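Trainee: My questions will all concern the structure given below.
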Amino acid sequence: MTALEVRDLCKTFHRHRAVDGVSFTLTAGRTVALVGASGSGKSTVARMIARLVRPTSGEITLTGPDGSPVPDRAYRDHVQMIFQDPFASLNPFHTVEHHLARPLLLHGRSRAEVPHLLERVSLSPDFARRRPHELSGGQRQRVAIARALAPGAKVIVADEPVSMLDVSIRLGVLKLLDRLQREEDLAVLYITHDLATARHFSDEVLVMHQGRVVERGPSDDVLLRPQDPYTRRLAAAAPNPDTRFHLGGSS
Ligand SMILES: Nc1ncnc2c1ncn2[C@@H]1O[C@H](COP(=O)(O)OP(=O)(O)OP(=O)(O)O)[C@@H](O)[C@H]1O
């Protein structure tokens with residue numbers, strides 16, 4: 001089974017320890033949520049996994065279904081990141097087709113697969129001709145997800161994927177990620193401030209505080225019965241983790 005193991009990961013920026021000894025494993029068909037206040041180190045963990053930031057120390061290993069390590073070149077194809085800002089992640093000059101065909105062609109596949117990729121993210125084939133300014137934020141995020149699937153993603157790192165979207169369409173995008181995780185057996189790291197969606201959409205929750213994981217476990221245990229004082233404060237400050245309706249309807 002595909003698994004990404006993060007072992008004792010540390011990152012220091014100008015003597016500031018942003019990530020301090022973080023370990024966890026992502027496995028196919030499961031979602032792990034990384035929650036914590038702003039500045040706790042969540043994005044830095046995501047960026048290290050996506051190889052956008054080099055760890056100061058620690059190891060990140062991806063193993064394939066046969067249990068052997070995935071080589072470097074394939075790592076970049078298999079581990080894909082979805083960013084917070086769907087407006088910044090697409091090039092305004094290129095059509096949706098261009099964004100999706102490029103990774104397909106780079107992997108020896110055909111641009112004829114673009115409509116199928118769009119279908120996987122519940123967009124009709126005519127979206128291929130559109131440019132980013134003709135799309136809503138939610139539609140852009142769907143295109144970003146399709147682009148992540150194009151090179152054959154096995155691990156998706158979604159860093160606050162809906163926090164910049166209109167409240168009314170957030171749930172639709174999270175449900176899409178949830179469906180893809182199950183249908184395509186993806187391993188997902190879902191980074192969020194939102195404890196209600198962390199609980200609803202993940203199997204396991206890790207709570208970060210000042211660079212460290214202070215609590216971890218099955219989502220319900222961590223968010224409904226927190227043990228660590230920091231997690232208790234976080235849960236007390238958040239809207240009731242059982243009320244997911246503040247997200248609005250689906251789209
Ligand atoms: N490139 C960088 N250079 C210097 N310091 C950085 C850099 N990136 C992050 N940091 C610092 O590392 C710490 C962790 O930041 P990080 O963005 O990982 O937190 P976060 O939990 O993702 O926060 P947010 O939810 O606001 O995105 C912060 O103190 C931040 O200022």
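Every chain in the structure tokens has a letter given in the order shown (A, B, ...), and although residue numbers restart at 1 in each chain, ligands are simply numbered from 1 in the order shown.
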Would you list the contacts of A:Glu119 as a list in words, taking every protein, DNA or RNA residue within 12 Å and counting only C-alpha atoms, but skipping same-chain residues closer than 5 positions in sequence?
Mentor: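 So, after excluding close chain neighbours, the residues are Glu113, Val114, Ser124, Pro125, Asp126, Phe127, Ala128, Arg142, Val143, Ile145, Ala146, Leu149, Leu176 and Leu180 of chain A.
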Trainee: Print the selection's residues with N, CA and C atoms to a file, as a PDB file, in the first residue's frame.
Mentor:
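Below is the file that was written, out.pdb:
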ATOM      1  N   GLU A 113      -7.340  13.035 -22.783  1.00  0.00           N
ATOM      2  CA  GLU A 113      -7.804  12.668 -21.433  1.00  0.00           C
ATOM      3  C   GLU A 113      -8.340  13.869 -20.637  1.00  0.00           C
ATOM      4  N   VAL A 114      -8.197  15.083 -21.201  1.00  0.00           N
ATOM      5  CA  VAL A 114      -8.628  16.279 -20.449  1.00  0.00           C
ATOM      6  C   VAL A 114     -10.104  16.213 -20.040  1.00  0.00           C
ATOM      7  N   SER A 124     -17.957  20.105 -16.466  1.00  0.00           N
ATOM      8  CA  SER A 124     -18.311  19.620 -17.803  1.00  0.00           C
ATOM      9  C   SER A 124     -17.160  19.893 -18.778  1.00  0.00           C
ATOM     10  N   PRO A 125     -17.130  19.149 -19.908  1.00  0.00           N
ATOM     11  CA  PRO A 125     -15.994  19.251 -20.841  1.00  0.00           C
ATOM     12  C   PRO A 125     -15.792  20.658 -21.396  1.00  0.00           C
ATOM     13  N   ASP A 126     -16.860  21.466 -21.460  1.00  0.00           N
ATOM     14  CA  ASP A 126     -16.686  22.807 -22.054  1.00  0.00           C
ATOM     15  C   ASP A 126     -15.830  23.734 -21.183  1.00  0.00           C
ATOM     16  N   PHE A 127     -15.531  23.322 -19.947  1.00  0.00           N
ATOM     17  CA  PHE A 127     -14.622  24.127 -19.114  1.00  0.00           C
ATOM     18  C   PHE A 127     -13.212  24.150 -19.695  1.00  0.00           C
ATOM     19  N   ALA A 128     -12.890  23.178 -20.545  1.00  0.00           N
ATOM     20  CA  ALA A 128     -11.541  23.095 -21.111  1.00  0.00           C
ATOM     21  C   ALA A 128     -11.161  24.382 -21.846  1.00  0.00           C
ATOM     22  N   ARG A 142     -11.309  23.256  -8.315  1.00  0.00           N
ATOM     23  CA  ARG A 142     -11.544  21.950  -8.948  1.00  0.00           C
ATOM     24  C   ARG A 142     -10.518  21.707 -10.060  1.00  0.00           C
ATOM     25  N   VAL A 143     -10.209  22.767 -10.822  1.00  0.00           N
ATOM     26  CA  VAL A 143      -9.197  22.615 -11.877  1.00  0.00           C
ATOM     27  C   VAL A 143      -7.838  22.304 -11.236  1.00  0.00           C
ATOM     28  N   ILE A 145      -7.344  20.729  -8.521  1.00  0.00           N
ATOM     29  CA  ILE A 145      -7.382  19.322  -8.073  1.00  0.00           C
ATOM     30  C   ILE A 145      -7.191  18.393  -9.281  1.00  0.00           C
ATOM     31  N   ALA A 146      -7.847  18.733 -10.396  1.00  0.00           N
ATOM     32  CA  ALA A 146      -7.682  17.914 -11.613  1.00  0.00           C
ATOM     33  C   ALA A 146      -6.224  17.924 -12.061  1.00  0.00           C
ATOM     34  N   LEU A 149      -4.264  15.575 -10.091  1.00  0.00           N
ATOM     35  CA  LEU A 149      -4.512  14.165 -10.437  1.00  0.00           C
ATOM     36  C   LEU A 149      -3.788  13.771 -11.728  1.00  0.00           C
ATOM     37  N   LEU A 176     -15.769  16.807  -2.726  1.00  0.00           N
ATOM     38  CA  LEU A 176     -15.055  16.294  -3.899  1.00  0.00           C
ATOM     39  C   LEU A 176     -13.744  15.619  -3.473  1.00  0.00           C
ATOM     40  N   LEU A 180     -12.817  11.697  -4.020  1.00  0.00           N
ATOM     41  CA  LEU A 180     -11.610  11.265  -4.751  1.00  0.00           C
ATOM     42  C   LEU A 180     -10.723  10.403  -3.859  1.00  0.00           C
TER      43      LEU A 180
END
Trainee: What are the closest atom pairs, with distances in Å to one decimal, for all residues of chain A lying within 12 Å of ligand 1? Consider only C-alpha atoms and all ligand atoms, order rows by chain and residue number, and present the result as a Markdown table.
Mentor:
| residue | atom | partner | partner_atom_place_in_ligand_line | distance |
| --- | --- | --- | --- | --- |
| A:Cys10 | CA | ligand 1 | 12 (O) | 11.1 |
| A:Lys11 | CA | ligand 1 | 12 (O) | 8.3 |
| A:Thr12 | CA | ligand 1 | 12 (O) | 7.9 |
| A:Phe13 | CA | ligand 1 | 4 (C) | 4.9 |
| A:His14 | CA | ligand 1 | 4 (C) | 6.7 |
| A:Arg15 | CA | ligand 1 | 5 (N) | 9.4 |
| A:His16 | CA | ligand 1 | 12 (O) | 7.3 |
| A:Arg17 | CA | ligand 1 | 12 (O) | 7.4 |
| A:Ala18 | CA | ligand 1 | 12 (O) | 4.3 |
| A:Val19 | CA | ligand 1 | 14 (C) | 7.1 |
| A:Asp20 | CA | ligand 1 | 14 (C) | 10.4 |
| A:Leu34 | CA | ligand 1 | 21 (O) | 9.0 |
| A:Val35 | CA | ligand 1 | 21 (O) | 7.9 |
| A:Gly36 | CA | ligand 1 | 21 (O) | 6.1 |
| A:Ala37 | CA | ligand 1 | 21 (O) | 5.8 |
| A:Ser38 | CA | ligand 1 | 26 (O) | 3.6 |
| A:Gly39 | CA | ligand 1 | 19 (O) | 3.4 |
| A:Ser40 | CA | ligand 1 | 21 (O) | 3.8 |
| A:Gly41 | CA | ligand 1 | 18 (O) | 3.2 |
| A:Lys42 | CA | ligand 1 | 22 (O) | 3.8 |
| A:Ser43 | CA | ligand 1 | 22 (O) | 3.5 |
| A:Thr44 | CA | ligand 1 | 18 (O) | 3.7 |
| A:Val45 | CA | ligand 1 | 18 (O) | 6.5 |
| A:Ala46 | CA | ligand 1 | 18 (O) | 7.9 |
| A:Arg47 | CA | ligand 1 | 18 (O) | 8.3 |
| A:Met48 | CA | ligand 1 | 18 (O) | 9.8 |
| A:Leu52 | CA | ligand 1 | 1 (N) | 10.2 |
| A:Val53 | CA | ligand 1 | 1 (N) | 8.2 |
| A:Arg54 | CA | ligand 1 | 1 (N) | 10.6 |
| A:Pro55 | CA | ligand 1 | 8 (N) | 11.8 |
| A:Phe83 | CA | ligand 1 | 27 (O) | 10.7 |
| A:Gln84 | CA | ligand 1 | 27 (O) | 9.2 |
| A:Asp85 | CA | ligand 1 | 27 (O) | 11.7 |
| A:Ala158 | CA | ligand 1 | 22 (O) | 11.6 |
| A:Asp159 | CA | ligand 1 | 22 (O) | 8.1 |
| A:Glu160 | CA | ligand 1 | 25 (O) | 8.0 |
| A:Pro161 | CA | ligand 1 | 27 (O) | 11.5 |
| A:Ser163 | CA | ligand 1 | 25 (O) | 10.3 |
| A:Tyr190 | CA | ligand 1 | 22 (O) | 11.7 |
| A:Ile191 | CA | ligand 1 | 22 (O) | 8.1 |
| A:Thr192 | CA | ligand 1 | 25 (O) | 7.3 |
| A:His193 | CA | ligand 1 | 25 (O) | 6.8 |
| A:Asp194 | CA | ligand 1 | 25 (O) | 10.4 |
| A:Val207 | CA | ligand 1 | 21 (O) | 10.2 |
| A:Met208 | CA | ligand 1 | 21 (O) | 7.6 |
| A:His209 | CA | ligand 1 | 21 (O) | 8.2 |
| A:Gln210 | CA | ligand 1 | 14 (C) | 7.7 |
| A:Gly211 | CA | ligand 1 | 14 (C) | 7.0 |
| A:Arg212 | CA | ligand 1 | 21 (O) | 10.5 |
| A:Val213 | CA | ligand 1 | 21 (O) | 11.4 |
Trainee: Find the residues near A:Asp72: any atom within 12 Å, counting only C-alpha atoms, skip ones fewer than 5 places away on the same chain, and give them as a list in words.
Mentor: Ala50, Arg51, Ile60, Thr61, Leu62, Thr63, Asp77, His78 and Val79 of chain A
Trainee: What's the 7 Å shell around A:Leu90, counting only C-alpha atoms, without same-chain residues fewer than 3 positions away, as a list of chain:residue names?
Mentor: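 In the requested form, the answer reads A:Pro86, A:Phe87, A:Pro132.
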Trainee: DSSP on the backbone, then: every residue of stretch 3-242 of chain A marked helix (DSSP H, G or I), written as an MDAnalysis selection string.
Mentor: chainID A and resid 42:49 72:78 96:106 111:120 125:129 132:134 137:149 167:183 195:201 219:224 229:237
Trainee: Could you check which of A:Val167, A:Ala88, A:Leu186, A:Ala235 is closest to A:Ala153, using only C-alpha atoms?
Mentor: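 Comparing A:Val167, A:Ala88, A:Leu186, A:Ala235 against A:Ala153, the winner is A:Leu186.
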Trainee: Which is closer to A:Ile169 than all the others in A:Arg182, A:Arg130, A:Arg140, A:Arg120, using only C-alpha atoms?
Mentor: A:Arg140
Trainee: Considering only C-alpha atoms, state which residue in the set A:His200, A:Arg76, A:Arg147, A:Arg179 is at the smallest distance from A:Ser89.
Mentor: A:Arg147
